[in-house]
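As structure tokens, the structure follows; a few thoughts come after it.
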Amino acid sequence: MAGPSSVVVPRNFRLLEELEKGEKGIGDGTVSYGMEDGDDVYMRNWTGTIIGPSNTVHDGRIYNLKLICGPDYPEKAPIVKFYNKINMSCVAPDGTIDPRHFPSLGHWNRSYTMETILTELRREMTAPHNRKLHQPPEGSHY
Amino acid sequence: MAGQAQLPRRIVKETQRLLSEPAPGISASPCEDNLRYFNVIILGPQNTPYEGGTFKLELFLPEDYPMAPPKVRFLTRIYHPNIDKLGRICLDILKDKWSPALQIRTVLLSIQALLSAPNPDDPLAEAVAKHWKENEKEAVETAKQWTLTYATDG
Amino acid sequence: MTHGPDHSDGRGPKQTTTTATAAGIPPPHVYQQQQQGLPHYYPDPAYINNGNYGAWRPPYPPAGAFAPPPPQFRPPMPPMHPGPHPAVHPVAPMAPAQELTATIRNAVNLKKPTLSLEPVDGDPRRLAVHFEFDASEPCAVTTFVVATEDPSKEGGCKLTQSKQAVSQPVIYEKGLGQKYPKEGSPHMVLDVGLYDERQLMEVHDKDTYPLVIRLECVTEQGKADKHTLQELRPGAPQNAWIQSQTTCAVLVKDEDGKWQPKVVKQKIWVEGVCYELQEIYGMESAPAVPTGADGSFEENEERLCVICLVNERDTTVLPCRHLCMCHDCAQELRKQTSKCPICRNHVDSLLHIKMSTRAPKSFVPVDSTAKATAAVKGLKL
């Protein structure tokens, strides 16, 4: 976290930390992530999964996302895009998350992680303006 | 850059010594914008399948260094039973056998030694280790090929 | 650091670096005894001759798994062997890192490397005991062969010699590099034929040593109370007015079949408490001398804390006795790990040695054993 500490963990080691955490599994398993290509030494492309929260229209659905961590990560937020079609206020028509409508990306800081993004996206699904939105048919992709 | 003022004396001293008296076949220099982050080059030791290769690594001194070990990783791909596809290294002194009496230099020398002495019985890269155990000659040949492909200019 | 007599013995500027590990830093099972403030000898042989001392585990996986690394891979660890010429300065053990070390000025010290056995008139079965010692006070020297020390708490380290006639204490004036035997005085000759070889080569029943040399002097308080060296009887239980050093040795046969002594233990008796002298590894006795034109100190890495590389080493890890850290880093280390940075052996406690560049002005009495033990106990990890 960006506490008083002045020690800056460089991108690659930060991503290795995230990778290890992702491999161990996060919390109750409702969000998860891993590397898309295990051979990529620069760890650019990641895959995230969100299990739709219950008591919402997303209940029972599994969403896959792509996260792209550029060379400036974690100074700059990753690009995040849904593979599965979803109707949500912060998701652009091509599936990309619009940072202007999603604070975890719009007000990104280096203490945020891919886990933060996925957890916040899942929370966003439960928001009053999202939980009842009509959804595309299950299984459709961008 | 934040952090430079508070860089512990130990790190300053280690850095100075790494620069002024580099160990044979090893170079390590800190990044300008993060003095805890080092670009490292280890030359493949002689009489190993890595001979002739120039291997890039990155090394980071975490906040609790030297109580905690440095983090080190190969950036150049290498075919070695104790180094995985992401360049992560299986070496006891980087884990439970770390001692704060060790230094960056010692760590890099140990990694260089690991290139001379692969240990397929304590593998990180399972497939490579299996290859090594079942057909060492062929595995060494693959390692040479990888050195040529990934660790040699031109 | 409290130094003993400063001198040159031809081997180097200073002598063996030692610290007294009191009766006081024992494994937990003897704490009870200690808290009663009673002297107790160190029972754990690991403290006496643990082959791990100075051993540095190279930063490689076990030798079985890896080929031996090329010589240049030796990690640049500071040397951790007992230096060939450190200083004499027994240090009371009880200075857990939180407190200052109580220091003991060692008034008498037998120079271990000088101890030898010389055949009398060329007879290899009759061996005269020879050694040199330093004494900053007049002292009495008594030599015993195959003698048993009273292990009881009340025994005052009483020594009993079974076979040969007991040799009377030989009185010396103060002085450095004095020699035993003293010309014109009776001295101990070991009659090899009287003993089974094994009796000479081993410590028997923990308390019987083939060769024991005791150097005794009278404390300041003892002098004030009009005690004299002439009162001493060989091997008698020691009183609080005596300060002494006792050196215990076994015999080894060299390749030519010649017997040589090998010191296995040194103890000091002070204020009615017995301490075992322990070597400290990594102590460089050479003082920091200004070398730069501006009087700056040339940094000698061997003197610096292995953790911060900034402060001087002043804290020894026990039981392995690696003097390798400064006080602050030692405290930090204890929060993180229980392993010695040098040998990775378990850290039982830390001994903070108060370094002083000046010679001691006076005898600094040791804290009561009970208090010291409590402090050490508080340090347990």
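Chain labels A, B, ... are given in the sequence in which chains occur in the structure tokens; within each chain residues are numbered consecutively from 1, and ligands are likewise numbered from 1 in the order shown.
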Taking the DSSP secondary structure from the backbone, can you list the residues of stretch 1-127 of chain A that are strand (DSSP E), as a list in words?
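Everything in stretch 1-127 of chain A that counts as strand (DSSP E) is Val31, Ser32, Tyr33, Gly34, Met35, Asn45, Trp46, Thr47, Gly48, Thr49, Ile50, Ile51, Ile62, Tyr63, Asn64, Leu65, Lys66, Leu67, Ile68, Ile79, Val80, Lys81 and Phe82 of chain A.
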Could you take the residues named above and write them with N, CA and C atoms, as a PDB file, in the first residue's frame?
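result-v2.pdb was written with the following content:
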```
ATOM      1  N   VAL A  31     -13.771 -14.002  -7.223  1.00  0.00           N
ATOM      2  CA  VAL A  31     -12.972 -13.417  -8.310  1.00  0.00           C
ATOM      3  C   VAL A  31     -11.637 -14.161  -8.339  1.00  0.00           C
ATOM      4  N   SER A  32     -11.072 -14.272  -9.529  1.00  0.00           N
ATOM      5  CA  SER A  32      -9.760 -14.913  -9.642  1.00  0.00           C
ATOM      6  C   SER A  32      -9.077 -14.375 -10.893  1.00  0.00           C
ATOM      7  N   TYR A  33      -7.780 -14.620 -10.965  1.00  0.00           N
ATOM      8  CA  TYR A  33      -7.055 -14.164 -12.149  1.00  0.00           C
ATOM      9  C   TYR A  33      -5.780 -14.973 -12.307  1.00  0.00           C
ATOM     10  N   GLY A  34      -5.223 -14.909 -13.494  1.00  0.00           N
ATOM     11  CA  GLY A  34      -3.970 -15.593 -13.762  1.00  0.00           C
ATOM     12  C   GLY A  34      -3.392 -15.081 -15.056  1.00  0.00           C
ATOM     13  N   MET A  35      -2.186 -15.566 -15.371  1.00  0.00           N
ATOM     14  CA  MET A  35      -1.563 -15.091 -16.602  1.00  0.00           C
ATOM     15  C   MET A  35      -2.161 -15.805 -17.805  1.00  0.00           C
ATOM     16  N   ASN A  45      -0.297  -9.952 -20.368  1.00  0.00           N
ATOM     17  CA  ASN A  45      -1.699 -10.314 -20.546  1.00  0.00           C
ATOM     18  C   ASN A  45      -2.196 -11.249 -19.450  1.00  0.00           C
ATOM     19  N   TRP A  46      -3.319 -10.851 -18.883  1.00  0.00           N
ATOM     20  CA  TRP A  46      -3.885 -11.604 -17.770  1.00  0.00           C
ATOM     21  C   TRP A  46      -5.347 -11.913 -18.057  1.00  0.00           C
ATOM     22  N   THR A  47      -5.830 -12.940 -17.412  1.00  0.00           N
ATOM     23  CA  THR A  47      -7.236 -13.302 -17.521  1.00  0.00           C
ATOM     24  C   THR A  47      -7.851 -13.231 -16.130  1.00  0.00           C
ATOM     25  N   GLY A  48      -8.995 -12.548 -16.053  1.00  0.00           N
ATOM     26  CA  GLY A  48      -9.697 -12.481 -14.774  1.00  0.00           C
ATOM     27  C   GLY A  48     -11.051 -13.155 -14.897  1.00  0.00           C
ATOM     28  N   THR A  49     -11.556 -13.623 -13.772  1.00  0.00           N
ATOM     29  CA  THR A  49     -12.880 -14.260 -13.755  1.00  0.00           C
ATOM     30  C   THR A  49     -13.686 -13.692 -12.594  1.00  0.00           C
ATOM     31  N   ILE A  50     -14.946 -13.377 -12.883  1.00  0.00           N
ATOM     32  CA  ILE A  50     -15.839 -12.909 -11.832  1.00  0.00           C
ATOM     33  C   ILE A  50     -17.071 -13.805 -11.834  1.00  0.00           C
ATOM     34  N   ILE A  51     -17.426 -14.329 -10.688  1.00  0.00           N
ATOM     35  CA  ILE A  51     -18.669 -15.093 -10.578  1.00  0.00           C
ATOM     36  C   ILE A  51     -19.764 -14.108 -10.188  1.00  0.00           C
ATOM     37  N   ILE A  62     -20.798 -16.535 -15.235  1.00  0.00           N
ATOM     38  CA  ILE A  62     -19.348 -16.428 -15.027  1.00  0.00           C
ATOM     39  C   ILE A  62     -18.794 -15.500 -16.098  1.00  0.00           C
ATOM     40  N   TYR A  63     -18.152 -14.420 -15.662  1.00  0.00           N
ATOM     41  CA  TYR A  63     -17.604 -13.447 -16.605  1.00  0.00           C
ATOM     42  C   TYR A  63     -16.097 -13.596 -16.709  1.00  0.00           C
ATOM     43  N   ASN A  64     -15.609 -13.669 -17.919  1.00  0.00           N
ATOM     44  CA  ASN A  64     -14.165 -13.671 -18.140  1.00  0.00           C
ATOM     45  C   ASN A  64     -13.746 -12.314 -18.665  1.00  0.00           C
ATOM     46  N   LEU A  65     -12.593 -11.882 -18.193  1.00  0.00           N
ATOM     47  CA  LEU A  65     -12.087 -10.573 -18.597  1.00  0.00           C
ATOM     48  C   LEU A  65     -10.631 -10.694 -19.015  1.00  0.00           C
ATOM     49  N   LYS A  66     -10.221  -9.732 -19.809  1.00  0.00           N
ATOM     50  CA  LYS A  66      -8.808  -9.620 -20.167  1.00  0.00           C
ATOM     51  C   LYS A  66      -8.260  -8.381 -19.469  1.00  0.00           C
ATOM     52  N   LEU A  67      -7.098  -8.513 -18.869  1.00  0.00           N
ATOM     53  CA  LEU A  67      -6.443  -7.353 -18.254  1.00  0.00           C
ATOM     54  C   LEU A  67      -5.072  -7.210 -18.906  1.00  0.00           C
ATOM     55  N   ILE A  68      -4.778  -6.027 -19.384  1.00  0.00           N
ATOM     56  CA  ILE A  68      -3.483  -5.799 -20.031  1.00  0.00           C
ATOM     57  C   ILE A  68      -2.661  -4.857 -19.166  1.00  0.00           C
ATOM     58  N   ILE A  79      -5.505  -1.992 -18.839  1.00  0.00           N
ATOM     59  CA  ILE A  79      -6.715  -1.925 -19.666  1.00  0.00           C
ATOM     60  C   ILE A  79      -7.520  -3.180 -19.350  1.00  0.00           C
ATOM     61  N   VAL A  80      -8.819  -2.983 -19.096  1.00  0.00           N
ATOM     62  CA  VAL A  80      -9.643  -4.116 -18.680  1.00  0.00           C
ATOM     63  C   VAL A  80     -10.837  -4.248 -19.615  1.00  0.00           C
ATOM     64  N   LYS A  81     -11.078  -5.465 -20.055  1.00  0.00           N
ATOM     65  CA  LYS A  81     -12.118  -5.691 -21.043  1.00  0.00           C
ATOM     66  C   LYS A  81     -12.844  -6.999 -20.753  1.00  0.00           C
ATOM     67  N   PHE A  82     -14.168  -6.963 -20.839  1.00  0.00           N
ATOM     68  CA  PHE A  82     -14.945  -8.198 -20.683  1.00  0.00           C
ATOM     69  C   PHE A  82     -14.867  -9.016 -21.963  1.00  0.00           C
TER      70      PHE A  82
END
```
Please identify all polymer residues within 7 Å of B:Cys90, counting only C-alpha atoms, omitting same-chain residues fewer than 3 positions from it, and present them as a list in words.
Asn82, Ile83 and Leu124 of chain B
Chain A residues within 7 Å of chain B, counting only C-alpha atoms: which ones, as number ranges by chain?
A: 6-7, 39-41
Could you write out that same residue set with N, CA and C atoms as a tab-separated table (two decimals), in the first residue's frame?
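The resulting again.tsv:
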```
chain	number	residue	atom	x	y	z
A	6	SER	N	8.71	4.68	1.34
A	6	SER	CA	9.15	5.26	0.08
A	6	SER	C	9.68	4.18	-0.85
A	7	VAL	N	9.58	2.94	-0.43
A	7	VAL	CA	10.11	1.86	-1.26
A	7	VAL	C	9.10	1.54	-2.35
A	39	ASP	N	4.34	-18.07	-20.61
A	39	ASP	CA	5.70	-17.93	-21.11
A	39	ASP	C	6.15	-16.47	-21.20
A	40	ASP	N	5.19	-15.55	-21.03
A	40	ASP	CA	5.54	-14.15	-21.25
A	40	ASP	C	6.27	-13.58	-20.06
A	41	VAL	N	7.58	-13.40	-20.25
A	41	VAL	CA	8.41	-12.95	-19.15
A	41	VAL	C	8.02	-11.53	-18.70
```
Chain B near chain C within 9 Å: what's each residue's closest atom pair and its distance in Å to one decimal, counting only C-alpha atoms, ordered by chain then ascending residue number, as CSV?
```
residue,atom,partner,partner_atom,distance
B:Pro8,CA,C:Cys308,CA,8.0
B:Arg9,CA,C:Val310,CA,6.9
B:Arg10,CA,C:Cys308,CA,5.2
B:Ile11,CA,C:Cys308,CA,8.7
B:Lys13,CA,C:Leu309,CA,7.8
B:Glu14,CA,C:Leu309,CA,8.9
B:Ala23,CA,C:Gln72,CA,8.9
B:Pro24,CA,C:Gln72,CA,8.7
B:Pro66,CA,C:Ile307,CA,6.7
B:Met67,CA,C:Leu333,CA,6.9
B:Ala68,CA,C:Gln336,CA,8.8
B:Leu91,CA,C:Pro61,CA,7.4
B:Asp92,CA,C:Pro61,CA,6.5
B:Ile93,CA,C:Pro59,CA,6.1
B:Lys97,CA,C:Pro59,CA,7.9
B:Trp98,CA,C:Pro59,CA,8.3
B:Ser99,CA,C:Pro341,CA,5.1
B:Pro100,CA,C:Ile307,CA,5.6
B:Ala101,CA,C:Val306,CA,5.1
B:Leu102,CA,C:Pro75,CA,7.7
B:Gln103,CA,C:Pro75,CA,8.7
B:Arg105,CA,C:Pro75,CA,8.2
B:Thr106,CA,C:Pro75,CA,5.4
B:Val107,CA,C:Pro59,CA,7.8
B:Leu109,CA,C:Phe73,CA,5.9
B:Ser110,CA,C:Tyr60,CA,6.4
B:Ile111,CA,C:Tyr60,CA,8.9
B:Gln112,CA,C:Phe73,CA,8.6
B:Ala113,CA,C:Pro69,CA,6.1
B:Leu114,CA,C:Tyr60,CA,8.0
B:Ser116,CA,C:Pro69,CA,8.1
B:Ala117,CA,C:Phe66,CA,5.6
B:Pro118,CA,C:Phe66,CA,7.2
B:Asn119,CA,C:Ala65,CA,6.3
B:Pro120,CA,C:Ala65,CA,8.9
B:Asp121,CA,C:Ala65,CA,7.7
B:Asp122,CA,C:Ala65,CA,8.7
```
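The spacing separating atom CA of A:Glu124 from atom CA of A:Thr30 amounts to 13.7 Å.
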Which residues are near C:Ala128? Cut-off 10 Å, only C-alpha atoms, ignore same chain within fewer than 5 positions. Put them as a PyMOL selection string.
chain C and resi 116-121+180-181+187-191
Compile the contact shell of A:Glu120 as a list of chain:residue names: residues with an atom at most 9 Å away, counting only C-alpha atoms, same-chain residues fewer than 5 positions apart removed.
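The residues that qualify are A:Phe102, A:Ser104, A:Glu115, A:Met125.
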Tell me, as JSON, numbers by chain, which residues lie within 10 Å of A:Thr113, counting only C-alpha atoms; anything in the same chain fewer than 4 positions away does not count.
{"A": [1, 14, 15, 18, 73, 74, 77, 78, 104, 108, 109, 117, 118, 119]}
Selected residues written out with N, CA and C atoms, as a compact mmCIF listing (two decimals), in the first residue's frame:
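Produced file part21.txt, reproduced below:
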```txt
# COMPACT_ATOMS: atom_id res chain seq x y z
N MET A 1 0.85 -1.19 0.00
CA MET A 1 0.00 0.00 0.00
C MET A 1 0.89 1.24 0.00
N ARG A 14 6.22 -6.52 -8.70
CA ARG A 14 4.85 -6.31 -8.27
C ARG A 14 3.92 -7.33 -8.96
N LEU A 15 4.11 -7.54 -10.25
CA LEU A 15 3.27 -8.49 -10.95
C LEU A 15 3.53 -9.93 -10.49
N GLU A 18 1.57 -10.35 -7.46
CA GLU A 18 0.15 -10.55 -7.79
C GLU A 18 -0.08 -11.94 -8.34
N TYR A 73 2.59 -0.14 -15.79
CA TYR A 73 1.89 -0.70 -14.65
C TYR A 73 2.87 -0.83 -13.49
N PRO A 74 2.56 -0.60 -12.26
CA PRO A 74 1.25 -0.17 -11.75
C PRO A 74 1.11 1.36 -11.60
N ALA A 77 -3.02 2.40 -14.79
CA ALA A 77 -3.97 1.30 -14.65
C ALA A 77 -3.88 0.36 -15.84
N PRO A 78 -4.22 -0.89 -15.63
CA PRO A 78 -4.29 -1.80 -16.78
C PRO A 78 -5.53 -1.49 -17.62
N SER A 104 -12.19 2.80 -9.78
CA SER A 104 -10.96 2.03 -9.51
C SER A 104 -9.96 2.16 -10.65
N TRP A 108 -7.15 5.61 -10.44
CA TRP A 108 -6.17 4.55 -10.16
C TRP A 108 -5.01 5.08 -9.33
N ASN A 109 -4.52 4.27 -8.38
CA ASN A 109 -3.20 4.54 -7.82
C ASN A 109 -2.46 3.22 -7.66
N ILE A 117 -9.51 -4.39 -8.90
CA ILE A 117 -10.37 -4.13 -10.05
C ILE A 117 -11.50 -5.16 -10.12
N LEU A 118 -11.13 -6.43 -10.00
CA LEU A 118 -12.13 -7.49 -10.14
C LEU A 118 -13.15 -7.44 -9.00
N THR A 119 -12.65 -7.20 -7.79
CA THR A 119 -13.54 -7.12 -6.64
C THR A 119 -14.50 -5.94 -6.77
```
Selected residue of minimal separation from A:Asn130 among A:Leu105, A:Gly52, A:Gly70, A:Gly60, counting only C-alpha atoms
A:Gly52
